[in-house]
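Enquirer: I am sharing protein20.txt, which consists of compact mmCIF, C-alpha atoms:
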# COMPACT_ATOMS: atom_id res chain seq x y z
CA MET A 1295 0.00 0.00 0.00
CA LYS A 1296 1.30 3.46 -0.88
CA THR A 1297 2.17 5.94 1.84
CA PRO A 1298 -1.04 7.74 2.87
CA GLN A 1299 -1.34 11.40 1.95
CA LEU A 1300 -2.44 13.67 4.80
CA LEU A 1301 -4.79 16.54 4.03
CA ARG A 1302 -5.49 19.03 6.79
CA THR A 1303 -9.16 20.01 6.83
CA ARG A 1304 -12.05 20.34 9.27
CA TRP A 1305 -14.96 17.95 9.14
CA ALA A 1306 -18.35 17.65 10.83
CA SER A 1307 -19.60 14.11 10.39
CA ILE A 1308 -17.45 14.15 7.25
CA GLY A 1309 -18.76 17.56 6.19
CA ALA A 1310 -17.58 21.13 6.37
CA ALA A 1311 -17.26 22.20 9.98
CA VAL A 1312 -17.38 25.96 9.49
CA ALA A 1313 -20.19 27.68 7.62
CA VAL A 1314 -19.77 31.41 7.00
CA THR A 1315 -22.62 33.63 5.80
CA ILE A 1316 -21.91 37.25 4.94
CA GLY A 1317 -24.82 39.53 4.13
CA ALA A 1318 -25.95 43.10 4.44
CA GLY A 1319 -25.30 44.19 7.97
CA GLY A 1320 -23.83 41.11 9.57
CA VAL A 1321 -21.73 37.99 9.63
CA LEU A 1322 -22.65 34.59 11.03
CA VAL A 1323 -20.00 31.97 11.71
CA THR A 1324 -21.46 28.60 12.67
CA HIS A 1325 -19.25 25.93 14.28
CA ALA A 1326 -20.23 22.29 14.00
CA ALA A 1327 -19.98 20.05 17.05
CA SER A 1328 -17.18 17.77 15.84
CA PRO A 1329 -13.54 18.58 16.66
CA PRO A 1330 -10.94 19.37 13.99
CA SER A 1331 -9.95 16.28 11.99
CA SER A 1332 -7.38 15.27 9.40
CA THR A 1333 -8.22 13.48 6.16
CA VAL A 1334 -5.91 10.70 5.00
CA LEU A 1335 -6.09 9.66 1.34
CA ILE A 1336 -4.95 6.11 0.56
CA GLU A 1337 -4.58 3.78 -2.38
CA PRO A 1338 -8.11 2.36 -2.90
CA ALA A 1339 -8.74 -0.94 -1.12
CA ARG A 1340 -11.78 -3.16 -1.73
CA ILE A 1341 -13.40 -4.29 1.52
CA LEU A 1342 -16.81 -5.50 0.29
CA ASP A 1343 -17.81 -7.60 -2.73
CA THR A 1344 -21.00 -9.64 -2.34
CA ARG A 1345 -20.91 -11.26 -5.79
CA ASP A 1346 -21.03 -15.07 -6.01
CA GLY A 1347 -17.63 -16.62 -5.64
CA THR A 1348 -16.24 -13.59 -3.81
CA ASP A 1349 -18.36 -12.82 -0.72
CA LEU A 1350 -15.74 -10.41 0.61
CA GLY A 1351 -16.59 -8.64 3.84
CA LEU A 1352 -20.24 -9.80 3.97
CA ALA A 1353 -22.20 -12.61 2.42
CA GLY A 1354 -24.41 -11.37 -0.38
CA PRO A 1355 -26.37 -10.26 -2.08
CA PHE A 1356 -28.23 -7.56 -0.11
CA ALA A 1357 -31.99 -8.14 0.10
CA SER A 1358 -34.43 -5.24 0.31
CA PRO A 1359 -34.83 -3.71 2.89
CA VAL A 1360 -32.52 -5.69 5.24
CA ALA A 1361 -29.49 -3.73 6.53
CA GLN A 1362 -26.09 -5.24 7.33
CA ASP A 1363 -23.20 -3.82 9.34
CA LEU A 1364 -19.71 -3.77 7.82
CA GLN A 1365 -16.52 -3.46 9.89
CA VAL A 1366 -14.25 -0.84 8.33
CA THR A 1367 -11.58 -0.19 10.99
CA GLY A 1368 -8.85 -2.44 12.30
CA GLU A 1369 -7.68 -5.61 10.58
CA ILE A 1370 -10.33 -6.72 8.08
CA PRO A 1371 -10.51 -8.87 4.93
CA THR A 1372 -9.65 -7.08 1.67
CA SER A 1373 -9.26 -8.19 -1.92
CA THR A 1374 -5.50 -8.50 -1.27
CA GLY A 1375 -5.74 -10.26 2.11
CA ASP A 1376 -6.38 -9.35 5.74
CA THR A 1377 -4.93 -5.94 6.61
CA THR A 1378 -5.67 -2.67 8.37
CA VAL A 1379 -6.96 -0.20 5.79
CA VAL A 1380 -8.57 2.21 8.25
CA PRO A 1381 -7.08 2.45 11.76
CA GLU A 1382 -9.21 1.94 14.85
CA GLY A 1383 -10.47 5.26 16.18
CA ALA A 1384 -11.02 6.77 12.71
CA THR A 1385 -13.95 9.18 12.74
CA GLY A 1386 -15.10 8.58 9.18
CA VAL A 1387 -14.42 6.89 5.86
CA LEU A 1388 -14.37 8.04 2.24
CA LEU A 1389 -15.75 5.33 -0.02
CA ASN A 1390 -16.66 4.38 -3.56
CA VAL A 1391 -19.88 2.33 -3.34
CA THR A 1392 -21.23 0.42 -6.35
CA ALA A 1393 -24.55 -1.34 -6.85
CA VAL A 1394 -24.29 -4.29 -9.28
CA ARG A 1395 -27.22 -5.85 -11.18
CA ALA A 1396 -30.04 -4.82 -8.87
CA GLN A 1397 -33.23 -6.80 -9.48
CA ALA A 1398 -35.38 -3.68 -9.07
CA ASP A 1399 -35.09 0.10 -9.09
CA GLY A 1400 -34.00 1.43 -5.71
CA PHE A 1401 -31.29 3.00 -3.63
CA ILE A 1402 -28.47 2.11 -1.26
CA SER A 1403 -28.09 3.95 2.04
CA VAL A 1404 -24.75 4.02 3.87
CA ARG A 1405 -24.71 5.48 7.38
CA PRO A 1406 -23.04 5.00 10.80
CA ALA A 1407 -23.84 1.61 12.31
CA ASN A 1408 -25.25 3.24 15.44
CA ALA A 1409 -27.88 5.20 13.47
CA ALA A 1410 -31.43 4.67 14.73
CA GLY A 1411 -34.58 3.90 12.75
CA SER A 1412 -34.90 3.31 9.03
CA PRO A 1413 -32.67 5.22 6.57
CA SER A 1414 -34.18 8.51 5.41
CA THR A 1415 -31.51 9.39 2.83
CA SER A 1416 -29.87 7.62 -0.11
CA SER A 1417 -26.17 7.34 -0.93
CA LEU A 1418 -26.73 6.19 -4.52
CA ASN A 1419 -29.80 5.62 -6.71
CA PHE A 1420 -30.15 3.26 -9.67
CA GLU A 1421 -32.46 1.40 -12.01
CA ALA A 1422 -32.85 -2.35 -12.27
CA GLY A 1423 -29.89 -4.09 -13.89
CA GLN A 1424 -27.56 -1.09 -13.69
CA THR A 1425 -24.01 -1.00 -12.38
CA ALA A 1426 -24.11 2.31 -10.48
CA PRO A 1427 -21.14 3.75 -8.52
CA ASN A 1428 -21.02 6.82 -6.28
CA ALA A 1429 -18.64 8.51 -3.84
CA VAL A 1430 -19.86 8.27 -0.23
CA GLN A 1431 -18.55 9.95 2.91
CA VAL A 1432 -19.86 8.61 6.20
CA GLU A 1433 -19.15 8.99 9.91
CA VAL A 1434 -17.83 5.98 11.82
CA PRO A 1435 -18.71 5.42 15.50
CA THR A 1436 -15.62 5.37 17.72
CA THR A 1437 -17.16 3.94 20.91
CA GLY A 1438 -19.74 1.35 21.91
CA PRO A 1439 -20.72 -1.95 20.30
CA ASP A 1440 -20.88 -0.36 16.82
CA ALA A 1441 -17.40 1.16 16.97
CA GLY A 1442 -15.65 0.98 13.60
CA LYS A 1443 -18.76 -0.15 11.69
CA ILE A 1444 -21.02 1.30 9.01
CA GLU A 1445 -24.53 0.18 8.05
CA ILE A 1446 -25.44 -0.64 4.44
CA SER A 1447 -28.95 -1.31 3.15
CA TYR A 1448 -30.72 -1.73 -0.21
CA ASP A 1449 -34.29 -0.50 -0.57
CA ALA A 1450 -36.21 -1.54 -3.69
CA LEU A 1451 -38.55 1.41 -3.23
CA GLY A 1452 -40.54 -0.33 -0.52
CA GLN A 1453 -40.64 -3.77 -2.17
CA ALA A 1454 -39.23 -6.57 -0.05
CA GLY A 1455 -37.13 -9.48 -1.29
CA PHE A 1456 -35.42 -7.99 -4.34
CA THR A 1457 -31.63 -8.20 -4.23
CA THR A 1458 -28.49 -6.43 -5.43
CA ASP A 1459 -24.76 -7.02 -5.09
CA VAL A 1460 -22.69 -4.26 -3.51
CA LEU A 1461 -19.01 -3.31 -3.86
CA VAL A 1462 -17.21 -0.96 -1.44
CA ASP A 1463 -13.73 0.50 -1.97
CA VAL A 1464 -12.07 2.65 0.70
CA VAL A 1465 -10.22 5.67 -0.71
CA GLY A 1466 -9.55 7.54 2.53
CA TYR A 1467 -10.51 8.16 6.14
CA THR A 1468 -10.52 10.87 8.79
CA VAL A 1469 -8.95 10.88 12.22
CA ALA A 1470 -9.74 13.25 15.08
CA GLY A 1471 -7.34 16.09 15.67
CA GLY A 1472 -4.88 17.81 13.45
CA GLY A 1473 -2.40 19.12 15.95
CA PRO A 1474 -2.30 22.50 17.69
CA GLU A 1475 -0.90 24.14 14.57
CA LEU A 1476 -3.95 23.18 12.50
CA THR A 1477 -6.39 24.25 15.20
CA GLU A 1478 -4.69 27.61 15.64
CA LYS A 1479 -4.63 28.28 11.89
CA VAL A 1480 -8.29 27.42 11.44
CA GLU A 1481 -9.36 29.57 14.39
CA ALA A 1482 -7.25 32.46 13.08
CA LEU A 1483 -8.88 32.10 9.67
CA GLU A 1484 -12.35 32.19 11.21
CA GLU A 1485 -11.48 35.40 13.04
CA GLN A 1486 -10.14 36.92 9.82
CA VAL A 1487 -13.31 36.00 7.93
CA ALA A 1488 -15.43 37.67 10.61
CA SER A 1489 -13.14 40.70 10.52
CA LEU A 1490 -13.44 40.89 6.74
CA ALA A 1491 -17.23 40.92 6.90
CA SER A 1492 -17.35 43.69 9.50
CA SER A 1493 -14.79 45.83 7.64
CA GLN A 1494 -16.76 46.14 4.40
CA PRO A 1495 -19.17 49.01 3.63
CA PHE A 1496 -22.67 48.04 2.53
CA ALA A 1497 -25.88 49.80 1.56
CA VAL A 1498 -29.57 49.22 2.37
CA THR A 1499 -32.25 50.92 0.24
CA ALA A 1500 -36.01 51.36 0.63
CA TYR A 1501 -38.47 52.62 -2.00
CA GLU A 1502 -42.05 53.84 -1.64
CA ALA A 1503 -44.22 54.88 -4.60
CA SER A 1504 -46.32 57.56 -2.91
CA VAL A 1505 -47.60 58.69 0.50
CA MET A 1506 -50.18 61.41 1.31
CA VAL A 1507 -49.12 63.62 4.22
CA GLY A 1508 -50.94 66.21 6.30
CA ALA A 1509 -50.35 68.22 9.44
CA ASP A 1510 -49.27 65.19 11.48
CA ASP A 1511 -45.75 63.83 11.11
CA GLU A 1512 -45.76 60.79 8.83
CA VAL A 1513 -43.04 58.14 8.38
CA VAL A 1514 -42.91 57.74 4.60
CA ALA A 1515 -39.94 55.34 4.30
CA SER A 1516 -37.68 53.29 6.61
CA VAL A 1517 -34.50 51.25 6.39
CA LEU A 1518 -33.08 48.84 8.99
CA VAL A 1519 -29.30 48.68 9.31
CA ARG A 1520 -27.53 46.03 11.38
CA SER A 1521 -24.09 47.44 12.11
CA PRO A 1522 -21.56 44.58 12.36
CA ALA A 1523 -18.93 46.83 13.97
CA PRO A 1524 -18.47 50.41 15.17
CA GLY A 1525 -18.60 52.91 12.33
CA SER A 1526 -20.99 55.38 10.73
CA VAL A 1527 -24.25 55.22 8.80
CA THR A 1528 -24.89 57.89 6.18
CA VAL A 1529 -28.52 58.14 5.05
CA PHE A 1530 -29.58 59.75 1.75
CA SER A 1531 -33.15 60.65 0.81
CA THR A 1532 -34.78 61.89 -2.36
CA THR A 1533 -38.50 62.49 -3.05
CA ALA A 1534 -40.79 64.16 -5.55
CA VAL A 1535 -43.48 66.35 -3.93
CA ASP A 1536 -46.78 67.73 -5.24
CA ASP A 1537 -49.05 70.36 -3.64
CA GLY A 1538 -51.55 72.45 -5.60
CA VAL A 1539 -52.30 74.98 -2.84
CA PRO A 1540 -50.19 78.18 -2.82
CA ASP A 1541 -48.00 78.89 0.21
CA GLU A 1542 -48.37 75.44 1.72
CA GLU A 1543 -45.11 73.93 2.79
CA LEU A 1544 -43.97 70.31 2.64
CA ARG A 1545 -41.21 69.32 5.04
CA CYS A 1546 -39.15 66.15 5.50
CA SER A 1547 -36.24 65.07 7.67
CA ILE A 1548 -34.04 61.99 8.14
CA THR A 1549 -34.19 60.75 11.72
CA THR A 1550 -34.14 57.69 13.97
CA GLY A 1551 -37.42 58.81 15.53
CA THR A 1552 -40.96 59.29 14.21
CA GLU A 1553 -41.10 63.11 14.32
CA LEU A 1554 -39.34 65.76 12.24
CA ASP A 1555 -35.93 66.67 13.62
CA GLY A 1556 -35.70 70.47 13.58
CA PRO A 1557 -32.06 71.08 12.57
CA TYR A 1558 -32.33 68.60 9.68
CA ILE A 1559 -35.60 69.63 8.01
CA GLN A 1560 -35.83 69.85 4.20
CA ARG A 1561 -38.44 72.49 3.18
CA TRP A 1562 -40.38 73.38 0.04
CA GLU A 1563 -43.15 75.97 -0.37
CA SER A 1564 -45.64 75.48 -3.18
CA SER A 1565 -46.65 78.25 -5.58
CA GLY A 1566 -49.78 76.28 -6.30
CA ALA A 1567 -49.70 76.57 -10.10
CA GLY A 1568 -47.98 75.02 -13.09
CA ASP A 1569 -44.55 73.65 -12.48
CA GLY A 1570 -44.54 75.52 -9.18
CA ARG A 1571 -46.73 72.87 -7.60
CA TYR A 1572 -44.00 70.23 -8.08
CA ALA A 1573 -40.53 69.98 -6.60
CA GLN A 1574 -37.86 67.54 -5.46
CA LEU A 1575 -36.61 67.29 -1.90
CA SER A 1576 -33.36 65.58 -0.99
CA GLY A 1577 -31.23 65.32 2.10
CA VAL A 1578 -28.31 63.55 3.73
CA ARG A 1579 -27.45 62.86 7.36
CA THR A 1580 -24.69 60.85 9.05
CA PHE A 1581 -25.14 58.90 12.29
CA GLN A 1582 -22.48 57.29 14.44
CA ALA A 1583 -22.77 53.54 15.05
CA ASN A 1584 -20.61 53.15 18.14
CA THR A 1585 -21.54 49.55 18.86
CA THR A 1586 -22.82 46.57 16.93
CA SER A 1587 -26.56 47.19 16.76
CA ALA A 1588 -29.70 47.28 14.65
CA THR A 1589 -31.16 50.75 14.01
CA VAL A 1590 -34.16 51.94 11.99
CA TYR A 1591 -33.64 55.14 10.01
CA ASN A 1592 -36.80 56.99 8.90
CA LEU A 1593 -37.77 59.71 6.48
CA VAL A 1594 -40.50 61.70 8.21
CA CYS A 1595 -42.64 64.30 6.37
CA ASP A 1596 -45.52 66.68 7.12
CA GLN A 1597 -47.34 69.68 5.64
CA VAL A 1598 -47.87 73.17 7.05
CA GLY A 1599 -50.04 76.03 5.78
CA ALA A 1600 -53.41 77.67 6.06
CA ALA A 1601 -55.46 75.20 4.04
CA LEU A 1602 -53.61 72.07 5.15
CA SER A 1603 -54.76 70.13 2.11
CA ALA A 1604 -53.04 66.77 1.78
CA GLY A 1605 -49.70 66.93 0.01
CA LEU A 1606 -48.30 64.09 -2.04
CA VAL A 1607 -44.82 62.70 -1.49
CA GLU A 1608 -43.86 60.18 -4.17
CA ASN A 1609 -40.94 58.27 -5.73
CA ILE A 1610 -39.36 58.08 -2.28
CA VAL A 1611 -35.87 56.55 -2.13
CA LEU A 1612 -34.10 56.15 1.22
CA THR A 1613 -30.56 54.69 1.19
CA ALA A 1614 -28.35 54.00 4.21
CA ILE A 1615 -24.63 53.24 3.78
CA PHE A 1616 -22.65 51.65 6.63
CA THR A 1617 -18.93 52.47 6.76
CA PRO A 1618 -16.65 50.79 9.33
CA ALA A 1619 -14.68 52.97 11.73
CA GLU A 1620 -11.35 51.70 10.43
CA ASP A 1621 -10.03 49.94 7.38
CA ARG A 1622 -9.02 46.37 8.20
CA SER A 1623 -7.64 43.79 5.80
CA ILE A 1624 -7.42 40.02 5.70
CA CYS A 1625 -4.34 37.95 4.93
CA ILE A 1626 -4.63 34.23 4.29
Since I need it in another form, could you write the structure as structure tokens?
Expert:
Amino acid sequence: MKTPQLLRTRWASIGAAVAVTIGAGGVLVTHAASPPSSTVLIEPARILDTRDGTDLGLAGPFASPVAQDLQVTGEIPTSTGDTTVVPEGATGVLLNVTAVRAQADGFISVRPANAAGSPSTSSLNFEAGQTAPNAVQVEVPTTGPDAGKIEISYDALGQAGFTTDVLVDVVGYTVAGGGPELTEKVEALEEQVASLASSQPFAVTAYEASVMVGADDEVVASVLVRSPAPGSVTVFSTTAVDDGVPDEELRCSITTGTELDGPYIQRWESSGAGDGRYAQLSGVRTFQANTTSATVYNLVCDQVGAALSAGLVENIVLTAIFTPAEDRSICI
């Protein structure tokens, strides 16, 4: 057997152990429960062949829906004699699994031998008479009566008694741990990914077609910003306004409250005729985001004047841009 090749990765039940989601306003790093592991790739070794005249590993063929347990760790029979392909204590195996001449359409499920209940997922699917291979990665129990074993079953889509032969070749395995150096590097990378997410500017935009406003303050548009780190949020607003009554005034302001904020009011007074009844209001205001938080930024408008007829605010666009307090970079 060739010298195994060691690949340093992290696995969770033979799957990625760190999931990173970066979106507007936040970063989520999810850690799986399994510890860091190392993957060892080996020269493929056949440990199961249920065809007549071979019966390697288990007697065959497999009958639907009866499951059988296969020992994969320690010294086991292989096509080249008894040997240790996967060491005891391995946390998972990487396999090529092949269904041969199934009597009926169906699927093979490969899972840890200590799994409870009936299989709810398939590892490979096939039609009657096919020779169908697939790569399979599966966790291996390390303690208890099922230590070092996997469970294999053939299901002829709910029909009992149909059979298929099964071949299994081991192409690698995983072992717990990867040394302090691996753990430290992975943890440092996770921190850098989180830092990268919180160091990037992003924008959130809201649009409203039209809102009628009167004497009472009215929130006409809102955006929610989740600040991933200390920084600033700059909010821009633009609206088209329409009022056919002379001398009435439409006012708007950007604020975190629900009432107009005096020092930041945008004003327009209508002439009440022709193009003078239309105008565009725009504004900009910057807020400090001193801590990681979620804040709602509003555009609030009202109308003042003698008649107090309802004014129209339309084509409302409110955009908030988060900028981190400092520029940080990531090095991998």
Enquirer: Would you list the contacts of Arg1405 (chain A) as a list in words, taking every protein, DNA or RNA residue within 9 Å and counting all atoms listed in the file, but skipping same-chain residues closer than 5 positions in sequence?
Expert: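 Once the nearby chain positions are removed, what remains is Pro1413, Ser1417, Gln1431, Val1432, Glu1433, Val1434, Ile1444, Glu1445 and Ile1446 of chain A.
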Enquirer: Now that the selection is made, can you save its residues with C-alpha atoms as a PDB file, keeping the file's coordinate frame?
Expert:
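Saved result, selection_30.pdb, follows:
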ATOM      1  CA  PRO A1413     -32.670   5.220   6.570  1.00  0.00           C
ATOM      2  CA  SER A1417     -26.170   7.340  -0.930  1.00  0.00           C
ATOM      3  CA  GLN A1431     -18.550   9.950   2.910  1.00  0.00           C
ATOM      4  CA  VAL A1432     -19.860   8.610   6.200  1.00  0.00           C
ATOM      5  CA  GLU A1433     -19.150   8.990   9.910  1.00  0.00           C
ATOM      6  CA  VAL A1434     -17.830   5.980  11.820  1.00  0.00           C
ATOM      7  CA  ILE A1444     -21.020   1.300   9.010  1.00  0.00           C
ATOM      8  CA  GLU A1445     -24.530   0.180   8.050  1.00  0.00           C
ATOM      9  CA  ILE A1446     -25.440  -0.640   4.440  1.00  0.00           C
TER      10      ILE A1446
END
Enquirer: Taking (-29.2, 54.5, 0.9) in the file's coordinates, which residues come within 10 Å, counting all atoms listed in the file, written as a list in words?
Expert: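 It turns out the residues near that spot are Phe1496, Ala1497, Val1498, Thr1499, Ala1500, Tyr1501, Val1517, Val1527, Thr1528, Val1529, Phe1530, Ser1531, Thr1532, Val1578, Val1611, Leu1612, Thr1613, Ala1614, Ile1615 and Phe1616 of chain A.
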Enquirer: Hey, can you spit out that residue selection with C-alpha atoms as a PDB file, in the coordinates of the input?
Expert:
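Output (result.pdb):
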ATOM      1  CA  PHE A1496     -22.670  48.040   2.530  1.00  0.00           C
ATOM      2  CA  ALA A1497     -25.880  49.800   1.560  1.00  0.00           C
ATOM      3  CA  VAL A1498     -29.570  49.220   2.370  1.00  0.00           C
ATOM      4  CA  THR A1499     -32.250  50.920   0.240  1.00  0.00           C
ATOM      5  CA  ALA A1500     -36.010  51.360   0.630  1.00  0.00           C
ATOM      6  CA  TYR A1501     -38.470  52.620  -2.000  1.00  0.00           C
ATOM      7  CA  VAL A1517     -34.500  51.250   6.390  1.00  0.00           C
ATOM      8  CA  VAL A1527     -24.250  55.220   8.800  1.00  0.00           C
ATOM      9  CA  THR A1528     -24.890  57.890   6.180  1.00  0.00           C
ATOM     10  CA  VAL A1529     -28.520  58.140   5.050  1.00  0.00           C
ATOM     11  CA  PHE A1530     -29.580  59.750   1.750  1.00  0.00           C
ATOM     12  CA  SER A1531     -33.150  60.650   0.810  1.00  0.00           C
ATOM     13  CA  THR A1532     -34.780  61.890  -2.360  1.00  0.00           C
ATOM     14  CA  VAL A1578     -28.310  63.550   3.730  1.00  0.00           C
ATOM     15  CA  VAL A1611     -35.870  56.550  -2.130  1.00  0.00           C
ATOM     16  CA  LEU A1612     -34.100  56.150   1.220  1.00  0.00           C
ATOM     17  CA  THR A1613     -30.560  54.690   1.190  1.00  0.00           C
ATOM     18  CA  ALA A1614     -28.350  54.000   4.210  1.00  0.00           C
ATOM     19  CA  ILE A1615     -24.630  53.240   3.780  1.00  0.00           C
ATOM     20  CA  PHE A1616     -22.650  51.650   6.630  1.00  0.00           C
TER      21      PHE A1616
END
Enquirer: Please put the answer as JSON: centre and edge lengths, in Å with one decimal, of a box along x, y and z that encloses all listed atoms of region 1376-1386 of chain A plus 4 Å on each side.
Expert:
{"center_x": -10.0, "center_y": -0.1, "center_z": 11.0, "size_x": 18.2, "size_y": 26.5, "size_z": 18.4}
Enquirer: I'd like the neighbourhood of region 1347-1362 of chain A as number ranges by chain, where a residue qualifies if any of its atoms comes within 7 Å (using only C-alpha atoms), though same-chain residues fewer than 5 positions away should be ignored.
Expert: A: 1341-1342, 1371, 1445-1450, 1453-1459
Enquirer: Report as a PDB file with C-alpha atoms, keeping the file's coordinate frame all protein, DNA and RNA residues lying within 12 Å of Gln1574 (chain A), evaluated on all atoms listed in the file, omitting residues in the same chain fewer than 4 positions from it.
Expert:
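Below is the file part_35.pdb, written as the result:
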ATOM      1  CA  SER A1531     -33.150  60.650   0.810  1.00  0.00           C
ATOM      2  CA  THR A1532     -34.780  61.890  -2.360  1.00  0.00           C
ATOM      3  CA  THR A1533     -38.500  62.490  -3.050  1.00  0.00           C
ATOM      4  CA  ALA A1534     -40.790  64.160  -5.550  1.00  0.00           C
ATOM      5  CA  VAL A1535     -43.480  66.350  -3.930  1.00  0.00           C
ATOM      6  CA  ASP A1536     -46.780  67.730  -5.240  1.00  0.00           C
ATOM      7  CA  ASP A1537     -49.050  70.360  -3.640  1.00  0.00           C
ATOM      8  CA  LEU A1544     -43.970  70.310   2.640  1.00  0.00           C
ATOM      9  CA  ARG A1545     -41.210  69.320   5.040  1.00  0.00           C
ATOM     10  CA  CYS A1546     -39.150  66.150   5.500  1.00  0.00           C
ATOM     11  CA  GLN A1560     -35.830  69.850   4.200  1.00  0.00           C
ATOM     12  CA  ARG A1561     -38.440  72.490   3.180  1.00  0.00           C
ATOM     13  CA  TRP A1562     -40.380  73.380   0.040  1.00  0.00           C
ATOM     14  CA  GLU A1563     -43.150  75.970  -0.370  1.00  0.00           C
ATOM     15  CA  SER A1564     -45.640  75.480  -3.180  1.00  0.00           C
ATOM     16  CA  ASP A1569     -44.550  73.650 -12.480  1.00  0.00           C
ATOM     17  CA  GLY A1570     -44.540  75.520  -9.180  1.00  0.00           C
ATOM     18  CA  LEU A1606     -48.300  64.090  -2.040  1.00  0.00           C
ATOM     19  CA  VAL A1607     -44.820  62.700  -1.490  1.00  0.00           C
ATOM     20  CA  GLU A1608     -43.860  60.180  -4.170  1.00  0.00           C
ATOM     21  CA  ASN A1609     -40.940  58.270  -5.730  1.00  0.00           C
ATOM     22  CA  ILE A1610     -39.360  58.080  -2.280  1.00  0.00           C
ATOM     23  CA  VAL A1611     -35.870  56.550  -2.130  1.00  0.00           C
TER      24      VAL A1611
END
Enquirer: For Asp1343 (chain A), which of A:Val1460, A:Val1379, A:Leu1418, A:Val1391 is the closest residue, counting only C-alpha atoms?
Expert: A:Val1460
Enquirer: Quick one: everything within 12 Å of Ala1422 (chain A), counting all atoms listed in the file, minus sequence neighbours fewer than 2 positions away in the same chain. Send it as number ranges by chain.
Expert: A: 1393-1401, 1419-1420, 1424-1426, 1449-1451, 1456-1459
Enquirer: Can you work out which one of A:Ser1547, A:Thr1367, A:Thr1392, A:Gly1605 has the shortest atom-to-atom distance to Tyr1572 (chain A), counting only C-alpha atoms?
Expert: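 Of A:Ser1547, A:Thr1367, A:Thr1392, A:Gly1605, the one nearest Tyr1572 (chain A) is A:Gly1605, counting only C-alpha atoms.
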Enquirer: Any idea what the distance is between CA of Gly1551 (chain A) and CA of Arg1579 (chain A)?
Expert: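 Interatomic distance here is 13.5 Å.
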Enquirer: Would you list the contacts of region 1436-1442 of chain A as an MDAnalysis selection string, taking every protein, DNA or RNA residue within 12 Å and counting all atoms listed in the file, but skipping same-chain residues closer than 3 positions in sequence?
Expert: chainID A and resid 1362:1370 1378:1387 1405:1410 1432:1433 1445 1467:1470
Enquirer: Can you measure CA of Gly1423 (chain A) to CA of Gly1466 (chain A) for me? One decimal in Å is fine.
Expert: 28.6 Å
Enquirer: Would you mind exporting region 1380-1412 of chain A with C-alpha atoms, as a PDB file, in the first residue's frame?
Expert:
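Result written to out03.pdb:
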ATOM      1  CA  VAL A1380      -8.570   2.214   8.253  1.00  0.00           C
ATOM      2  CA  PRO A1381      -7.081   2.446  11.755  1.00  0.00           C
ATOM      3  CA  GLU A1382      -9.210   1.942  14.847  1.00  0.00           C
ATOM      4  CA  GLY A1383     -10.472   5.257  16.177  1.00  0.00           C
ATOM      5  CA  ALA A1384     -11.024   6.766  12.712  1.00  0.00           C
ATOM      6  CA  THR A1385     -13.950   9.184  12.740  1.00  0.00           C
ATOM      7  CA  GLY A1386     -15.096   8.584   9.181  1.00  0.00           C
ATOM      8  CA  VAL A1387     -14.418   6.888   5.864  1.00  0.00           C
ATOM      9  CA  LEU A1388     -14.366   8.037   2.239  1.00  0.00           C
ATOM     10  CA  LEU A1389     -15.746   5.328  -0.022  1.00  0.00           C
ATOM     11  CA  ASN A1390     -16.660   4.382  -3.557  1.00  0.00           C
ATOM     12  CA  VAL A1391     -19.875   2.327  -3.344  1.00  0.00           C
ATOM     13  CA  THR A1392     -21.228   0.418  -6.349  1.00  0.00           C
ATOM     14  CA  ALA A1393     -24.551  -1.344  -6.849  1.00  0.00           C
ATOM     15  CA  VAL A1394     -24.288  -4.290  -9.278  1.00  0.00           C
ATOM     16  CA  ARG A1395     -27.217  -5.846 -11.176  1.00  0.00           C
ATOM     17  CA  ALA A1396     -30.042  -4.820  -8.866  1.00  0.00           C
ATOM     18  CA  GLN A1397     -33.231  -6.796  -9.478  1.00  0.00           C
ATOM     19  CA  ALA A1398     -35.381  -3.678  -9.070  1.00  0.00           C
ATOM     20  CA  ASP A1399     -35.088   0.097  -9.089  1.00  0.00           C
ATOM     21  CA  GLY A1400     -34.001   1.430  -5.714  1.00  0.00           C
ATOM     22  CA  PHE A1401     -31.287   3.004  -3.634  1.00  0.00           C
ATOM     23  CA  ILE A1402     -28.470   2.109  -1.255  1.00  0.00           C
ATOM     24  CA  SER A1403     -28.086   3.945   2.036  1.00  0.00           C
ATOM     25  CA  VAL A1404     -24.747   4.024   3.871  1.00  0.00           C
ATOM     26  CA  ARG A1405     -24.706   5.478   7.384  1.00  0.00           C
ATOM     27  CA  PRO A1406     -23.044   5.003  10.804  1.00  0.00           C
ATOM     28  CA  ALA A1407     -23.843   1.613  12.309  1.00  0.00           C
ATOM     29  CA  ASN A1408     -25.254   3.240  15.438  1.00  0.00           C
ATOM     30  CA  ALA A1409     -27.881   5.198  13.465  1.00  0.00           C
ATOM     31  CA  ALA A1410     -31.435   4.666  14.732  1.00  0.00           C
ATOM     32  CA  GLY A1411     -34.578   3.898  12.747  1.00  0.00           C
ATOM     33  CA  SER A1412     -34.898   3.315   9.026  1.00  0.00           C
TER      34      SER A1412
END
